[in-house]
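Text of target.txt (compact mmCIF, N, CA and C atoms) as supplied:
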```txt
# COMPACT_ATOMS: atom_id res chain seq x y z
N MET F 130 8.21 24.00 26.54
CA MET F 130 6.99 23.99 25.76
C MET F 130 6.06 25.08 26.29
N ASN F 131 5.55 25.87 25.40
CA ASN F 131 4.60 26.92 25.75
C ASN F 131 3.22 26.30 25.89
N GLY F 132 2.69 26.20 27.12
CA GLY F 132 1.44 25.51 27.41
C GLY F 132 0.22 26.12 26.75
N ASN F 133 0.29 27.35 26.27
CA ASN F 133 -0.86 27.99 25.65
C ASN F 133 -0.88 27.82 24.13
N ARG F 134 0.09 27.20 23.58
CA ARG F 134 0.18 27.07 22.13
C ARG F 134 -0.07 25.62 21.72
N ILE F 135 -1.24 25.37 21.18
CA ILE F 135 -1.60 23.99 20.80
C ILE F 135 -0.64 23.41 19.77
N ASP F 136 -0.11 24.28 18.91
CA ASP F 136 0.75 23.77 17.85
C ASP F 136 2.16 23.40 18.31
N THR F 137 2.38 23.39 19.60
CA THR F 137 3.66 22.90 20.12
C THR F 137 3.55 21.43 20.56
N TYR F 138 2.34 20.88 20.58
CA TYR F 138 2.14 19.49 20.99
C TYR F 138 2.38 18.56 19.80
N LEU F 139 3.17 17.52 20.03
CA LEU F 139 3.44 16.55 18.96
C LEU F 139 2.15 15.91 18.47
N THR F 140 1.24 15.59 19.38
CA THR F 140 0.00 14.95 18.95
C THR F 140 -0.81 15.86 18.04
N TYR F 141 -0.80 17.16 18.32
CA TYR F 141 -1.50 18.11 17.46
C TYR F 141 -0.82 18.19 16.09
N LEU F 142 0.50 18.29 16.09
CA LEU F 142 1.23 18.38 14.83
C LEU F 142 1.04 17.13 13.97
N LEU F 143 1.05 15.96 14.61
CA LEU F 143 0.81 14.73 13.87
C LEU F 143 -0.61 14.70 13.29
N ALA F 144 -1.59 15.13 14.09
CA ALA F 144 -2.97 15.16 13.62
C ALA F 144 -3.12 16.13 12.45
N ARG F 145 -2.47 17.27 12.54
CA ARG F 145 -2.56 18.28 11.48
C ARG F 145 -1.90 17.76 10.20
N ALA F 146 -0.75 17.12 10.33
CA ALA F 146 -0.07 16.55 9.17
C ALA F 146 -0.93 15.44 8.57
N HIS F 147 -1.51 14.61 9.42
CA HIS F 147 -2.40 13.55 8.94
C HIS F 147 -3.56 14.13 8.15
N ARG F 148 -4.17 15.16 8.68
CA ARG F 148 -5.32 15.78 8.00
C ARG F 148 -4.93 16.27 6.61
N ARG F 149 -3.78 16.91 6.53
CA ARG F 149 -3.32 17.46 5.25
C ARG F 149 -3.04 16.35 4.23
N LEU F 150 -2.31 15.32 4.67
CA LEU F 150 -1.98 14.22 3.77
C LEU F 150 -3.22 13.42 3.40
N HIS F 151 -4.07 13.17 4.37
CA HIS F 151 -5.30 12.41 4.15
C HIS F 151 -6.20 13.13 3.15
N SER F 152 -6.30 14.44 3.30
CA SER F 152 -7.14 15.23 2.41
C SER F 152 -6.64 15.15 0.97
N GLY F 153 -5.35 15.24 0.78
CA GLY F 153 -4.78 15.15 -0.56
C GLY F 153 -5.02 13.79 -1.18
N LEU F 154 -4.84 12.74 -0.41
CA LEU F 154 -5.07 11.39 -0.91
C LEU F 154 -6.55 11.18 -1.19
N GLU F 155 -7.41 11.68 -0.32
CA GLU F 155 -8.86 11.55 -0.51
C GLU F 155 -9.29 12.20 -1.83
N THR F 156 -8.76 13.37 -2.12
CA THR F 156 -9.08 14.06 -3.37
C THR F 156 -8.73 13.20 -4.57
N GLU F 157 -7.58 12.57 -4.52
CA GLU F 157 -7.15 11.70 -5.63
C GLU F 157 -8.03 10.46 -5.74
N LEU F 158 -8.32 9.82 -4.61
CA LEU F 158 -9.08 8.57 -4.65
C LEU F 158 -10.54 8.78 -5.01
N GLN F 159 -11.07 9.97 -4.74
CA GLN F 159 -12.45 10.26 -5.11
C GLN F 159 -12.64 10.20 -6.62
N LYS F 160 -11.58 10.37 -7.37
CA LYS F 160 -11.66 10.25 -8.83
C LYS F 160 -12.03 8.83 -9.23
N ASP F 161 -11.76 7.87 -8.36
CA ASP F 161 -12.14 6.47 -8.57
C ASP F 161 -13.30 6.07 -7.66
N GLU F 162 -13.98 7.07 -7.11
CA GLU F 162 -15.15 6.86 -6.26
C GLU F 162 -14.84 6.00 -5.03
N LEU F 163 -13.67 6.24 -4.46
CA LEU F 163 -13.26 5.55 -3.24
C LEU F 163 -12.87 6.56 -2.17
N THR F 164 -13.09 6.18 -0.93
CA THR F 164 -12.54 6.95 0.19
C THR F 164 -11.19 6.35 0.54
N VAL F 165 -10.44 7.06 1.35
CA VAL F 165 -9.14 6.53 1.81
C VAL F 165 -9.36 5.22 2.56
N GLU F 166 -10.38 5.18 3.39
CA GLU F 166 -10.64 3.98 4.18
C GLU F 166 -11.00 2.79 3.28
N GLN F 167 -11.82 3.04 2.26
CA GLN F 167 -12.16 1.96 1.33
C GLN F 167 -10.92 1.49 0.57
N TRP F 168 -10.07 2.44 0.18
CA TRP F 168 -8.84 2.07 -0.50
C TRP F 168 -7.96 1.22 0.41
N ARG F 169 -7.89 1.58 1.69
CA ARG F 169 -7.08 0.77 2.62
C ARG F 169 -7.61 -0.65 2.69
N VAL F 170 -8.93 -0.80 2.74
CA VAL F 170 -9.52 -2.14 2.78
C VAL F 170 -9.13 -2.91 1.53
N LEU F 171 -9.28 -2.28 0.37
CA LEU F 171 -8.93 -2.96 -0.88
C LEU F 171 -7.43 -3.26 -0.95
N GLU F 172 -6.61 -2.34 -0.43
CA GLU F 172 -5.15 -2.56 -0.39
C GLU F 172 -4.83 -3.80 0.43
N VAL F 173 -5.41 -3.90 1.61
CA VAL F 173 -5.13 -5.04 2.49
C VAL F 173 -5.64 -6.34 1.86
N LEU F 174 -6.83 -6.29 1.28
CA LEU F 174 -7.43 -7.50 0.72
C LEU F 174 -6.90 -7.86 -0.66
N SER F 175 -6.08 -7.00 -1.25
CA SER F 175 -5.58 -7.24 -2.61
C SER F 175 -4.74 -8.51 -2.72
N ASP F 176 -4.26 -9.02 -1.59
CA ASP F 176 -3.49 -10.27 -1.64
C ASP F 176 -4.40 -11.49 -1.75
N ARG F 177 -5.71 -11.25 -1.71
CA ARG F 177 -6.75 -12.27 -1.87
C ARG F 177 -6.69 -13.36 -0.79
N GLN F 178 -6.11 -13.03 0.37
CA GLN F 178 -6.03 -13.98 1.46
C GLN F 178 -7.30 -14.03 2.32
N GLY F 179 -8.05 -12.95 2.31
CA GLY F 179 -9.23 -12.89 3.18
C GLY F 179 -8.80 -12.54 4.59
N ARG F 180 -9.61 -11.76 5.25
CA ARG F 180 -9.31 -11.33 6.62
C ARG F 180 -10.60 -11.35 7.45
N SER F 181 -10.45 -11.60 8.72
CA SER F 181 -11.59 -11.43 9.63
C SER F 181 -11.84 -9.94 9.78
N MET F 182 -13.04 -9.58 10.20
CA MET F 182 -13.35 -8.17 10.39
C MET F 182 -12.46 -7.56 11.47
N GLY F 183 -12.17 -8.29 12.52
CA GLY F 183 -11.32 -7.78 13.58
C GLY F 183 -9.91 -7.49 13.09
N SER F 184 -9.35 -8.42 12.34
CA SER F 184 -8.01 -8.23 11.78
C SER F 184 -8.01 -7.07 10.79
N LEU F 185 -9.04 -7.02 9.96
CA LEU F 185 -9.14 -5.95 8.96
C LEU F 185 -9.26 -4.59 9.64
N ALA F 186 -10.07 -4.51 10.68
CA ALA F 186 -10.24 -3.24 11.40
C ALA F 186 -8.91 -2.73 11.92
N GLU F 187 -8.12 -3.62 12.48
CA GLU F 187 -6.82 -3.22 13.01
C GLU F 187 -5.88 -2.76 11.90
N LEU F 188 -5.86 -3.47 10.80
CA LEU F 188 -4.96 -3.14 9.70
C LEU F 188 -5.31 -1.84 8.99
N VAL F 189 -6.61 -1.53 8.90
CA VAL F 189 -7.03 -0.32 8.17
C VAL F 189 -7.30 0.85 9.11
N LEU F 190 -6.98 0.67 10.38
CA LEU F 190 -7.05 1.75 11.36
C LEU F 190 -8.48 2.29 11.57
N MET F 191 -9.42 1.37 11.66
CA MET F 191 -10.82 1.75 11.88
C MET F 191 -11.38 0.97 13.07
N ASN F 192 -12.35 1.58 13.74
CA ASN F 192 -13.02 0.81 14.79
C ASN F 192 -13.98 -0.17 14.12
N HIS F 193 -14.27 -1.24 14.83
CA HIS F 193 -15.05 -2.34 14.26
C HIS F 193 -16.43 -1.90 13.77
N PRO F 194 -17.22 -1.14 14.56
CA PRO F 194 -18.54 -0.74 14.07
C PRO F 194 -18.50 0.10 12.79
N ALA F 195 -17.55 1.04 12.71
CA ALA F 195 -17.44 1.87 11.51
C ALA F 195 -17.03 1.02 10.30
N LEU F 196 -16.13 0.09 10.51
CA LEU F 196 -15.71 -0.80 9.43
C LEU F 196 -16.87 -1.66 8.96
N THR F 197 -17.65 -2.15 9.89
CA THR F 197 -18.80 -2.99 9.53
C THR F 197 -19.77 -2.23 8.63
N LYS F 198 -20.08 -0.99 8.98
CA LYS F 198 -20.98 -0.18 8.16
C LYS F 198 -20.38 0.06 6.77
N MET F 199 -19.10 0.39 6.74
CA MET F 199 -18.46 0.64 5.46
C MET F 199 -18.39 -0.64 4.63
N ALA F 200 -18.09 -1.76 5.28
CA ALA F 200 -18.01 -3.04 4.57
C ALA F 200 -19.37 -3.41 3.99
N ASP F 201 -20.44 -3.14 4.72
CA ASP F 201 -21.78 -3.40 4.19
C ASP F 201 -22.00 -2.63 2.88
N ARG F 202 -21.59 -1.37 2.85
CA ARG F 202 -21.73 -0.57 1.62
C ARG F 202 -20.83 -1.12 0.51
N MET F 203 -19.64 -1.56 0.88
CA MET F 203 -18.72 -2.11 -0.13
C MET F 203 -19.24 -3.42 -0.70
N VAL F 204 -19.94 -4.22 0.13
CA VAL F 204 -20.56 -5.45 -0.36
C VAL F 204 -21.67 -5.09 -1.34
N ILE F 205 -22.51 -4.13 -0.97
CA ILE F 205 -23.60 -3.69 -1.86
C ILE F 205 -23.05 -3.20 -3.19
N ASN F 206 -21.91 -2.51 -3.16
CA ASN F 206 -21.28 -1.99 -4.38
C ASN F 206 -20.45 -3.03 -5.13
N GLY F 207 -20.39 -4.23 -4.60
CA GLY F 207 -19.70 -5.31 -5.29
C GLY F 207 -18.18 -5.26 -5.21
N LEU F 208 -17.65 -4.53 -4.22
CA LEU F 208 -16.20 -4.41 -4.10
C LEU F 208 -15.58 -5.51 -3.25
N ILE F 209 -16.32 -5.99 -2.26
CA ILE F 209 -15.86 -7.06 -1.38
C ILE F 209 -17.02 -8.03 -1.15
N HIS F 210 -16.68 -9.21 -0.62
CA HIS F 210 -17.73 -10.15 -0.22
C HIS F 210 -17.27 -10.88 1.04
N ARG F 211 -18.25 -11.41 1.75
CA ARG F 211 -17.97 -12.18 2.96
C ARG F 211 -18.23 -13.65 2.66
N ALA F 212 -17.42 -14.51 3.30
CA ALA F 212 -17.58 -15.95 3.13
C ALA F 212 -17.12 -16.64 4.40
N PRO F 213 -17.68 -17.83 4.67
CA PRO F 213 -17.23 -18.57 5.86
C PRO F 213 -15.74 -18.91 5.75
N ASP F 214 -15.07 -18.88 6.88
CA ASP F 214 -13.66 -19.26 6.95
C ASP F 214 -13.59 -20.77 6.70
N PRO F 215 -12.81 -21.22 5.71
CA PRO F 215 -12.73 -22.66 5.44
C PRO F 215 -12.14 -23.46 6.61
N GLN F 216 -11.37 -22.79 7.47
CA GLN F 216 -10.77 -23.47 8.62
C GLN F 216 -11.69 -23.51 9.84
N ASP F 217 -12.64 -22.56 9.89
CA ASP F 217 -13.53 -22.45 11.05
C ASP F 217 -14.85 -21.84 10.57
N GLN F 218 -15.83 -22.68 10.35
CA GLN F 218 -17.10 -22.24 9.77
C GLN F 218 -17.85 -21.23 10.64
N ARG F 219 -17.43 -21.05 11.88
CA ARG F 219 -18.07 -20.06 12.75
C ARG F 219 -17.60 -18.65 12.44
N ARG F 220 -16.43 -18.54 11.80
CA ARG F 220 -15.86 -17.23 11.46
C ARG F 220 -16.21 -16.85 10.03
N VAL F 221 -16.26 -15.54 9.80
CA VAL F 221 -16.51 -15.01 8.47
C VAL F 221 -15.26 -14.23 8.04
N LEU F 222 -14.84 -14.44 6.81
CA LEU F 222 -13.71 -13.70 6.26
C LEU F 222 -14.21 -12.77 5.17
N VAL F 223 -13.47 -11.69 4.97
CA VAL F 223 -13.79 -10.70 3.94
C VAL F 223 -12.77 -10.83 2.83
N TYR F 224 -13.26 -10.83 1.59
CA TYR F 224 -12.41 -10.97 0.41
C TYR F 224 -12.72 -9.85 -0.57
N VAL F 225 -11.76 -9.51 -1.39
CA VAL F 225 -11.97 -8.55 -2.47
C VAL F 225 -12.61 -9.30 -3.65
N THR F 226 -13.48 -8.63 -4.37
CA THR F 226 -14.09 -9.18 -5.57
C THR F 226 -13.26 -8.76 -6.79
N ASP F 227 -13.60 -9.31 -7.95
CA ASP F 227 -12.93 -8.88 -9.18
C ASP F 227 -13.18 -7.40 -9.43
N ARG F 228 -14.40 -6.95 -9.17
CA ARG F 228 -14.72 -5.53 -9.34
C ARG F 228 -13.89 -4.68 -8.36
N GLY F 229 -13.77 -5.16 -7.13
CA GLY F 229 -12.96 -4.46 -6.14
C GLY F 229 -11.50 -4.40 -6.54
N THR F 230 -11.00 -5.48 -7.13
CA THR F 230 -9.62 -5.50 -7.59
C THR F 230 -9.41 -4.49 -8.71
N ALA F 231 -10.37 -4.39 -9.62
CA ALA F 231 -10.25 -3.41 -10.71
C ALA F 231 -10.24 -1.99 -10.14
N HIS F 232 -11.12 -1.71 -9.18
CA HIS F 232 -11.13 -0.39 -8.53
C HIS F 232 -9.80 -0.14 -7.83
N TYR F 233 -9.32 -1.16 -7.13
CA TYR F 233 -8.06 -1.03 -6.39
C TYR F 233 -6.90 -0.73 -7.34
N GLU F 234 -6.82 -1.44 -8.46
CA GLU F 234 -5.72 -1.24 -9.40
C GLU F 234 -5.69 0.20 -9.91
N ARG F 235 -6.85 0.74 -10.26
CA ARG F 235 -6.90 2.13 -10.72
C ARG F 235 -6.49 3.08 -9.60
N ALA F 236 -7.04 2.86 -8.42
CA ALA F 236 -6.78 3.74 -7.28
C ALA F 236 -5.34 3.64 -6.80
N ARG F 237 -4.76 2.44 -6.91
CA ARG F 237 -3.38 2.25 -6.46
C ARG F 237 -2.43 3.18 -7.19
N HIS F 238 -2.66 3.37 -8.46
CA HIS F 238 -1.79 4.27 -9.24
C HIS F 238 -1.91 5.70 -8.71
N ARG F 239 -3.11 6.11 -8.35
CA ARG F 239 -3.30 7.45 -7.79
C ARG F 239 -2.64 7.56 -6.42
N ALA F 240 -2.80 6.52 -5.60
CA ALA F 240 -2.19 6.53 -4.26
C ALA F 240 -0.66 6.55 -4.37
N ASP F 241 -0.13 5.76 -5.29
CA ASP F 241 1.32 5.73 -5.49
C ASP F 241 1.83 7.10 -5.96
N ALA F 242 1.09 7.71 -6.87
CA ALA F 242 1.49 9.04 -7.36
C ALA F 242 1.44 10.07 -6.24
N HIS F 243 0.43 9.98 -5.39
CA HIS F 243 0.33 10.90 -4.24
C HIS F 243 1.51 10.70 -3.30
N GLU F 244 1.85 9.46 -3.06
CA GLU F 244 2.99 9.14 -2.19
C GLU F 244 4.28 9.73 -2.76
N LEU F 245 4.46 9.60 -4.06
CA LEU F 245 5.65 10.16 -4.71
C LEU F 245 5.68 11.68 -4.60
N GLN F 246 4.52 12.33 -4.70
CA GLN F 246 4.45 13.79 -4.55
C GLN F 246 4.85 14.20 -3.14
N VAL F 247 4.37 13.47 -2.15
CA VAL F 247 4.72 13.78 -0.75
C VAL F 247 6.22 13.61 -0.55
N GLU F 248 6.76 12.51 -1.04
CA GLU F 248 8.19 12.27 -0.90
C GLU F 248 9.02 13.30 -1.66
N ALA F 249 8.56 13.71 -2.82
CA ALA F 249 9.28 14.72 -3.59
C ALA F 249 9.26 16.06 -2.85
N ALA F 250 8.14 16.40 -2.24
CA ALA F 250 8.04 17.66 -1.51
C ALA F 250 8.98 17.68 -0.31
N LEU F 251 9.13 16.54 0.35
CA LEU F 251 10.00 16.46 1.53
C LEU F 251 11.46 16.22 1.15
N GLY F 252 11.68 15.55 0.05
CA GLY F 252 13.02 15.12 -0.31
C GLY F 252 13.27 13.72 0.22
N LYS F 253 14.21 13.02 -0.41
CA LYS F 253 14.46 11.63 -0.04
C LYS F 253 14.93 11.46 1.40
N SER F 254 15.87 12.30 1.83
CA SER F 254 16.43 12.10 3.17
C SER F 254 15.40 12.43 4.25
N LYS F 255 14.63 13.52 4.07
CA LYS F 255 13.61 13.85 5.06
C LYS F 255 12.50 12.80 5.07
N SER F 256 12.14 12.30 3.89
CA SER F 256 11.12 11.25 3.82
C SER F 256 11.58 10.01 4.57
N ALA F 257 12.81 9.62 4.34
CA ALA F 257 13.36 8.44 5.01
C ALA F 257 13.44 8.67 6.52
N ALA F 258 13.86 9.86 6.91
CA ALA F 258 13.97 10.18 8.34
C ALA F 258 12.59 10.19 8.99
N LEU F 259 11.60 10.79 8.33
CA LEU F 259 10.25 10.83 8.88
C LEU F 259 9.67 9.43 9.00
N ARG F 260 9.86 8.62 7.96
CA ARG F 260 9.37 7.24 8.00
C ARG F 260 10.00 6.50 9.18
N ALA F 261 11.30 6.66 9.38
CA ALA F 261 11.99 5.98 10.49
C ALA F 261 11.48 6.48 11.84
N LEU F 262 11.29 7.79 11.97
CA LEU F 262 10.76 8.33 13.22
C LEU F 262 9.36 7.81 13.52
N LEU F 263 8.52 7.78 12.51
CA LEU F 263 7.15 7.29 12.71
C LEU F 263 7.14 5.80 13.04
N GLU F 264 8.00 5.03 12.37
CA GLU F 264 8.09 3.60 12.69
C GLU F 264 8.58 3.41 14.11
N ASP F 265 9.54 4.22 14.56
CA ASP F 265 10.00 4.16 15.95
C ASP F 265 8.88 4.50 16.91
N LEU F 266 8.13 5.55 16.60
CA LEU F 266 7.01 5.96 17.45
C LEU F 266 5.96 4.85 17.54
N ILE F 267 5.65 4.22 16.43
CA ILE F 267 4.69 3.13 16.43
C ILE F 267 5.20 1.96 17.25
N ALA F 268 6.47 1.60 17.06
CA ALA F 268 7.07 0.50 17.82
C ALA F 268 7.08 0.83 19.31
N GLU F 269 7.40 2.08 19.65
CA GLU F 269 7.41 2.51 21.06
C GLU F 269 6.03 2.39 21.65
N LYS F 270 5.02 2.78 20.89
CA LYS F 270 3.64 2.70 21.36
C LYS F 270 3.23 1.27 21.63
N GLU F 271 3.73 0.35 20.81
CA GLU F 271 3.41 -1.06 21.00
C GLU F 271 4.09 -1.62 22.26
N ASP F 272 5.27 -1.07 22.59
CA ASP F 272 6.04 -1.58 23.73
C ASP F 272 5.57 -0.97 25.05
N ALA F 273 5.14 0.27 25.02
CA ALA F 273 4.76 0.94 26.25
C ALA F 273 3.71 2.01 25.93
N VAL F 274 2.96 2.36 26.91
CA VAL F 274 1.96 3.41 26.73
C VAL F 274 2.68 4.74 26.63
N VAL F 275 2.42 5.45 25.54
CA VAL F 275 3.05 6.76 25.32
C VAL F 275 2.06 7.82 25.66
```
Spell out the structure here as structure tokens.
Amino acid sequence: MNGNRIDTYLTYLLARAHRRLHSGLETELQKDELTVEQWRVLEVLSDRQGRSMGSLAELVLMNHPALTKMADRMVINGLIHRAPDPQDQRRVLVYVTDRGTAHYERARHRADAHELQVEAALGKSKSAALRALLEDLIAEKEDAVV
């Protein structure tokens, strides 16, 4: 590895690929007035199960304070709502609203189309190989500090 070349680091290459893919998806989702992060929240909550803020933060890859601020805006916009956990009144769960579901349904088609474009650009075998490599990397990270 050439120590003077930042683009030889896997972490840099992953970040650069993320930026490119994220930007393309963001452009598509903005047509439905959503950010990628808001779409992730709606995607996770689309099962209508409700999630704690901690669980939601982990699933949508956001830190808790940033998610809280974004969730506050999403509540104001009528996309999600908070309610006491029926199993434990001390906890609050976040749910998608009907308006949020409608936004999600429109945005999901754009996200799916973007995903298909990425897969088409890479080809089926490279897409499958990349997905497997990333899943392995994620599993490795969970098992040991990388």
| So which bits of region 145-244 of chain F end up strand (DSSP E) when you DSSP the backbone, as a ChimeraX atom specification? | /F:180-181,209-214,217-225
Selected residues written out with N, CA and C atoms, as a JSON list (two decimals), in the frame of the given file:
```
[["chain", "number", "residue", "atom", "x", "y", "z"],
["F", 180, "ARG", "N", -9.61, -11.76, 5.25],
["F", 180, "ARG", "CA", -9.31, -11.33, 6.62],
["F", 180, "ARG", "C", -10.60, -11.35, 7.45],
["F", 181, "SER", "N", -10.45, -11.60, 8.72],
["F", 181, "SER", "CA", -11.59, -11.43, 9.63],
["F", 181, "SER", "C", -11.84, -9.94, 9.78],
["F", 209, "ILE", "N", -16.32, -5.99, -2.26],
["F", 209, "ILE", "CA", -15.86, -7.06, -1.38],
["F", 209, "ILE", "C", -17.02, -8.03, -1.15],
["F", 210, "HIS", "N", -16.68, -9.21, -0.62],
["F", 210, "HIS", "CA", -17.73, -10.15, -0.22],
["F", 210, "HIS", "C", -17.27, -10.88, 1.04],
["F", 211, "ARG", "N", -18.25, -11.41, 1.75],
["F", 211, "ARG", "CA", -17.97, -12.18, 2.96],
["F", 211, "ARG", "C", -18.23, -13.65, 2.66],
["F", 212, "ALA", "N", -17.42, -14.51, 3.30],
["F", 212, "ALA", "CA", -17.58, -15.95, 3.13],
["F", 212, "ALA", "C", -17.12, -16.64, 4.40],
["F", 213, "PRO", "N", -17.68, -17.83, 4.67],
["F", 213, "PRO", "CA", -17.23, -18.57, 5.86],
["F", 213, "PRO", "C", -15.74, -18.91, 5.75],
["F", 214, "ASP", "N", -15.07, -18.88, 6.88],
["F", 214, "ASP", "CA", -13.66, -19.26, 6.95],
["F", 214, "ASP", "C", -13.59, -20.77, 6.70],
["F", 217, "ASP", "N", -12.64, -22.56, 9.89],
["F", 217, "ASP", "CA", -13.53, -22.45, 11.05],
["F", 217, "ASP", "C", -14.85, -21.84, 10.57],
["F", 218, "GLN", "N", -15.83, -22.68, 10.35],
["F", 218, "GLN", "CA", -17.10, -22.24, 9.77],
["F", 218, "GLN", "C", -17.85, -21.23, 10.64],
["F", 219, "ARG", "N", -17.43, -21.05, 11.88],
["F", 219, "ARG", "CA", -18.07, -20.06, 12.75],
["F", 219, "ARG", "C", -17.60, -18.65, 12.44],
["F", 220, "ARG", "N", -16.43, -18.54, 11.80],
["F", 220, "ARG", "CA", -15.86, -17.23, 11.46],
["F", 220, "ARG", "C", -16.21, -16.85, 10.03],
["F", 221, "VAL", "N", -16.26, -15.54, 9.80],
["F", 221, "VAL", "CA", -16.51, -15.01, 8.47],
["F", 221, "VAL", "C", -15.26, -14.23, 8.04],
["F", 222, "LEU", "N", -14.84, -14.44, 6.81],
["F", 222, "LEU", "CA", -13.71, -13.70, 6.26],
["F", 222, "LEU", "C", -14.21, -12.77, 5.17],
["F", 223, "VAL", "N", -13.47, -11.69, 4.97],
["F", 223, "VAL", "CA", -13.79, -10.70, 3.94],
["F", 223, "VAL", "C", -12.77, -10.83, 2.83],
["F", 224, "TYR", "N", -13.26, -10.83, 1.59],
["F", 224, "TYR", "CA", -12.41, -10.97, 0.41],
["F", 224, "TYR", "C", -12.72, -9.85, -0.57],
["F", 225, "VAL", "N", -11.76, -9.51, -1.39],
["F", 225, "VAL", "CA", -11.97, -8.55, -2.47],
["F", 225, "VAL", "C", -12.61, -9.30, -3.65]]
```
| task | Find the residue from F:Leu251, F:Ala240, F:Leu154, F:Met182 that sits nearest to Leu222 (chain F); use all atoms listed in the file when measuring. | result |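 With all atoms listed in the file as the atom set, the closest residue is F:Met182.
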| field | Shell of 12 Å around Ser184 (chain F), only C-alpha atoms, local chain residues under 3 positions omitted, as a list of chain:residue names | value |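 Here the qualifying residues turn out to be F:Val170, F:Val173, F:Leu174, F:Gln178, F:Gly179, F:Arg180, F:Ser181, F:Glu187, F:Leu188, F:Val189, F:Leu190, F:Met191, F:Asn192, F:His193, F:Leu196, F:Arg220, F:Val221, F:Leu222, F:Val223.
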| query | What is the distance, in Å and to one decimal place, between atom C of Leu208 (chain F) and CA of Asp227 (chain F)? | reply |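 A separation of 7.3 Å between them.
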| said: I need every residue sitting at most 6.5 Å from the point (-6.8, 3.9, -8.8) (coordinates as in the file, only N, CA and C atoms considered), written as a PyMOL selection string. | reply: chain F and resi 161+232-240
| message | I need the residues in chain F that are alpha helix (DSSP H) according to DSSP; give them as a VMD selection string. | response | chain F and resid 139 to 158 165 to 174 182 to 188 193 to 205 227 to 251 253 to 272
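Our summary of the geometry notes that atom N of Tyr224 (chain F) is positioned 27.6 Å from atom C of His147 (chain F).
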| field | Residue nearest Ala231 (chain F) among F:Leu139, F:Leu171, F:Leu185, F:Leu245 (counting only C-alpha atoms) | value |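 Closest residue, counting only C-alpha atoms: F:Leu171.
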| query | Could you work out how far CA of Leu163 (chain F) lies from CA of Arg145 (chain F), giving the answer in Å with one decimal? | reply |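 If I compute the distance from CA of Arg145 (chain F) to CA of Leu163 (chain F), I get 22.2 Å.
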| message | My list of candidates is F:Glu244, F:Asp214, F:Val225, F:Ser256. Which is closest to Arg177 (chain F) when distances are computed with all atoms listed in the file? | response | F:Val225
